[in-house]
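J.: Dropping the structure in here first, questions after.
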Amino acid sequence: MKRIFVYLLLGSSLLSCAQNNKKMNNPSIPDLYKEVQFKDQNTNYRANVQVGACNFSLLINDVPIVQYLEESSGTFNTTSPINNVILKSGKQTYKLILYPGYKDGQPATALSENVLVDINIEGFRYRGYAVEKVVPPVSLVNISAKQQNFKQAGQPVAIFEGVFDIQVPYDITGWSESQDLRKEDPDALLKEILAAYKEFGDIVTTKDSVRLSNLVYQKEKDYAQALFLDQEGTKKQWDTYSSILHAKKLEMEPIENYKLKFYGKGRLVTLERIDYPYAGQPALRADVTDAQGEEYTEYYFYYLHKKAGSNKLELIH
């Protein structure tokens with residue numbers, strides 16, 4: 001049977017092991033919609049992305065939003081929600097990194113003169129099935145091959161940075177007050193991360209729904225508020241987690257070919273693959289056979305932090 005790769009994103013990450021395992025009250029993820037405020041101000045911001053003839057990573061507030069690190073022929077198009085990395089109103093930062101990418105599985109050495117980029121941010125409000133555009137597109141980066149305005153052709157990398165303004169009604173602490181993990185001993189930190197990954201594997205292979213809901217509760221609470229999720233939205237979030245528990249077969253893959261990556265000005269940490277064609281993907285992966293017998297590989301976004309004054313890694317994004 002054909003194997004496919006899927007992102008299990010759930011906002012942008014999945015789990016951390018460093019929650020208090022004594023807290024086993026099985027909080028309800030589907031009921032989180034009841035705690036969502038400002039539903040009448042539910043502006044959802046999205047990044048519209050078009051990039052051609054290169055690979056790229058787009059970060060908002062120093063957190064990855066969209067990336068493509070494979071064959072660099074053709075044009076990549078997507079639209080991605082960004083509320084989950086917008087913690088409060090005001091100035092937000094962006095960083096776009098362009099790479100030459102791969103050609104026939106081999107890394108190219110320089111950026112092409114044919115690079116094309118068009119990235120903008122716009123805001124919508126959802127009124128039932130109707131969509132209202134409330135914030136017109138704000139351009140972040142625009143590079144046109146026809147206009148020949150790409151001055152970094154021939155270079156191994158190009159970086160574009162700037163700020164833009166966003167207004168949201170909520171104020172989420174998130175990782176804004178967390179410790180700078182870049183200051184910690186990297187070997188000790190790596191051991192903690194690997195322990196977190198092992199804990200996740202134990203949870204999903206033993207199908208422990210109580211521990212799973214405890215582990216993801218705070219992350220999902222923040223996500224529900226940032227995206228103004230309704231009852232259907234929070235139910236879908238938990239249904240996605242539950243699909244892991246209902247898999248016919250799930251085996252964790254070895255954690256290999258990875259590097260330690262810091263985001264959010266050092267307050268977030270994760271492990272990412274460095275080998276083609278998986279470069280940039282999460283190192284936490286599982287081989288899955290679902291309830292219908294379909295086989296595929298899942299990989300899990302897994303960003304961890306340490307609260308101020310804490311010595312434990314926890315899920316935050």
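Starting from 1 in every chain, residues are counted up; chains themselves are A, B, ... following the order of the structure tokens, and ligands are numbered from 1 as listed.
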Would you mind listing, for every residue of stretch 191-238 of chain A within 7 Å of stretch 23-47 of chain A, the two atoms forming the shortest contact and the distance between them in Å to one decimal, using only C-alpha atoms, sorted by chain and ascending residue number, as JSON lines?

T.:
{"residue": "A:Val210", "atom": "CA", "partner": "A:Asn26", "partner_atom": "CA", "distance": 5.0}
{"residue": "A:Arg211", "atom": "CA", "partner": "A:Met24", "partner_atom": "CA", "distance": 6.8}
{"residue": "A:Ser213", "atom": "CA", "partner": "A:Asn26", "partner_atom": "CA", "distance": 6.0}
{"residue": "A:Asn214", "atom": "CA", "partner": "A:Asn26", "partner_atom": "CA", "distance": 6.1}
{"residue": "A:Tyr217", "atom": "CA", "partner": "A:Ile29", "partner_atom": "CA", "distance": 6.4}
{"residue": "A:Lys221", "atom": "CA", "partner": "A:Leu32", "partner_atom": "CA", "distance": 6.2}
{"residue": "A:Ala224", "atom": "CA", "partner": "A:Val36", "partner_atom": "CA", "distance": 6.6}
{"residue": "A:Gln225", "atom": "CA", "partner": "A:Val36", "partner_atom": "CA", "distance": 5.0}
{"residue": "A:Leu227", "atom": "CA", "partner": "A:Asn44", "partner_atom": "CA", "distance": 6.6}
{"residue": "A:Phe228", "atom": "CA", "partner": "A:Asn42", "partner_atom": "CA", "distance": 5.8}
{"residue": "A:Leu229", "atom": "CA", "partner": "A:Tyr33", "partner_atom": "CA", "distance": 5.9}
{"residue": "A:Asp230", "atom": "CA", "partner": "A:Tyr33", "partner_atom": "CA", "distance": 5.2}
{"residue": "A:Gln231", "atom": "CA", "partner": "A:Tyr33", "partner_atom": "CA", "distance": 5.4}
{"residue": "A:Thr234", "atom": "CA", "partner": "A:Pro30", "partner_atom": "CA", "distance": 4.7}
{"residue": "A:Lys235", "atom": "CA", "partner": "A:Pro30", "partner_atom": "CA", "distance": 4.4}
{"residue": "A:Trp238", "atom": "CA", "partner": "A:Ile29", "partner_atom": "CA", "distance": 6.0}

J.: Could you please take those selected residues and save N, CA and C atoms as a PDB file, in the first residue's frame?

T.:
ATOM      1  N   VAL A 210      -6.516  10.113  28.916  1.00  0.00           N
ATOM      2  CA  VAL A 210      -6.499  11.026  30.051  1.00  0.00           C
ATOM      3  C   VAL A 210      -5.190  11.813  30.089  1.00  0.00           C
ATOM      4  N   ARG A 211      -4.081  11.108  29.958  1.00  0.00           N
ATOM      5  CA  ARG A 211      -2.790  11.795  29.936  1.00  0.00           C
ATOM      6  C   ARG A 211      -2.668  12.697  28.719  1.00  0.00           C
ATOM      7  N   SER A 213      -5.093  14.326  27.115  1.00  0.00           N
ATOM      8  CA  SER A 213      -5.866  15.553  27.279  1.00  0.00           C
ATOM      9  C   SER A 213      -5.227  16.487  28.304  1.00  0.00           C
ATOM     10  N   ASN A 214      -4.615  15.936  29.340  1.00  0.00           N
ATOM     11  CA  ASN A 214      -3.896  16.776  30.302  1.00  0.00           C
ATOM     12  C   ASN A 214      -2.692  17.449  29.662  1.00  0.00           C
ATOM     13  N   TYR A 217      -3.889  20.341  27.129  1.00  0.00           N
ATOM     14  CA  TYR A 217      -4.971  21.240  27.519  1.00  0.00           C
ATOM     15  C   TYR A 217      -4.598  22.719  27.411  1.00  0.00           C
ATOM     16  N   LYS A 221      -6.099  25.421  24.838  1.00  0.00           N
ATOM     17  CA  LYS A 221      -6.853  26.564  25.359  1.00  0.00           C
ATOM     18  C   LYS A 221      -6.386  27.855  24.693  1.00  0.00           C
ATOM     19  N   ALA A 224      -7.472  27.802  20.980  1.00  0.00           N
ATOM     20  CA  ALA A 224      -8.898  28.061  20.804  1.00  0.00           C
ATOM     21  C   ALA A 224      -9.189  29.551  20.892  1.00  0.00           C
ATOM     22  N   GLN A 225      -8.535  30.249  21.839  1.00  0.00           N
ATOM     23  CA  GLN A 225      -8.757  31.688  21.951  1.00  0.00           C
ATOM     24  C   GLN A 225      -8.194  32.438  20.747  1.00  0.00           C
ATOM     25  N   LEU A 227      -7.715  31.526  17.732  1.00  0.00           N
ATOM     26  CA  LEU A 227      -8.472  31.275  16.498  1.00  0.00           C
ATOM     27  C   LEU A 227      -9.971  31.445  16.696  1.00  0.00           C
ATOM     28  N   PHE A 228     -10.405  31.871  17.882  1.00  0.00           N
ATOM     29  CA  PHE A 228     -11.821  32.093  18.183  1.00  0.00           C
ATOM     30  C   PHE A 228     -12.658  30.863  17.835  1.00  0.00           C
ATOM     31  N   LEU A 229     -12.199  29.689  18.268  1.00  0.00           N
ATOM     32  CA  LEU A 229     -12.870  28.451  17.878  1.00  0.00           C
ATOM     33  C   LEU A 229     -14.249  28.333  18.513  1.00  0.00           C
ATOM     34  N   ASP A 230     -15.183  27.805  17.737  1.00  0.00           N
ATOM     35  CA  ASP A 230     -16.516  27.517  18.249  1.00  0.00           C
ATOM     36  C   ASP A 230     -16.577  26.046  18.671  1.00  0.00           C
ATOM     37  N   GLN A 231     -17.770  25.583  18.997  1.00  0.00           N
ATOM     38  CA  GLN A 231     -17.915  24.212  19.476  1.00  0.00           C
ATOM     39  C   GLN A 231     -17.435  23.198  18.449  1.00  0.00           C
ATOM     40  N   THR A 234     -13.390  23.232  18.426  1.00  0.00           N
ATOM     41  CA  THR A 234     -12.678  22.540  19.499  1.00  0.00           C
ATOM     42  C   THR A 234     -12.929  21.034  19.448  1.00  0.00           C
ATOM     43  N   LYS A 235     -14.116  20.648  18.959  1.00  0.00           N
ATOM     44  CA  LYS A 235     -14.369  19.218  18.788  1.00  0.00           C
ATOM     45  C   LYS A 235     -13.436  18.630  17.726  1.00  0.00           C
ATOM     46  N   TRP A 238      -9.950  17.974  19.127  1.00  0.00           N
ATOM     47  CA  TRP A 238      -9.839  16.742  19.914  1.00  0.00           C
ATOM     48  C   TRP A 238     -10.004  15.509  19.038  1.00  0.00           C
TER      49      TRP A 238
END

J.: Would you write out, as JSON lines, a table of all residues in stretch 201-279 of chain A that have an atom no more than 7 Å from an atom of stretch 294-306 of chain A, listing for each the closest atom pair and the distance in Å to one decimal, considering only C-alpha atoms and ordering rows by chain and rising residue number?

T.:
{"residue": "A:Arg267", "atom": "CA", "partner": "A:His305", "partner_atom": "CA", "distance": 5.9}
{"residue": "A:Leu268", "atom": "CA", "partner": "A:His305", "partner_atom": "CA", "distance": 5.1}
{"residue": "A:Val269", "atom": "CA", "partner": "A:Leu304", "partner_atom": "CA", "distance": 5.3}
{"residue": "A:Thr270", "atom": "CA", "partner": "A:Tyr303", "partner_atom": "CA", "distance": 5.2}

J.: Quick one: write out the picked residues with C-alpha atoms as a short mmCIF file (atom, residue, chain, number, x, y, z; two decimals), in the first residue's frame?

T.:
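Saved file part.cif follows:
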data_model
loop_
_atom_site.label_atom_id
_atom_site.label_comp_id
_atom_site.auth_asym_id
_atom_site.auth_seq_id
_atom_site.Cartn_x
_atom_site.Cartn_y
_atom_site.Cartn_z
CA ARG A 267 12.01 30.61 24.24
CA LEU A 268 10.86 27.68 22.08
CA VAL A 269 12.86 24.58 21.27
CA THR A 270 12.32 21.55 19.06
#
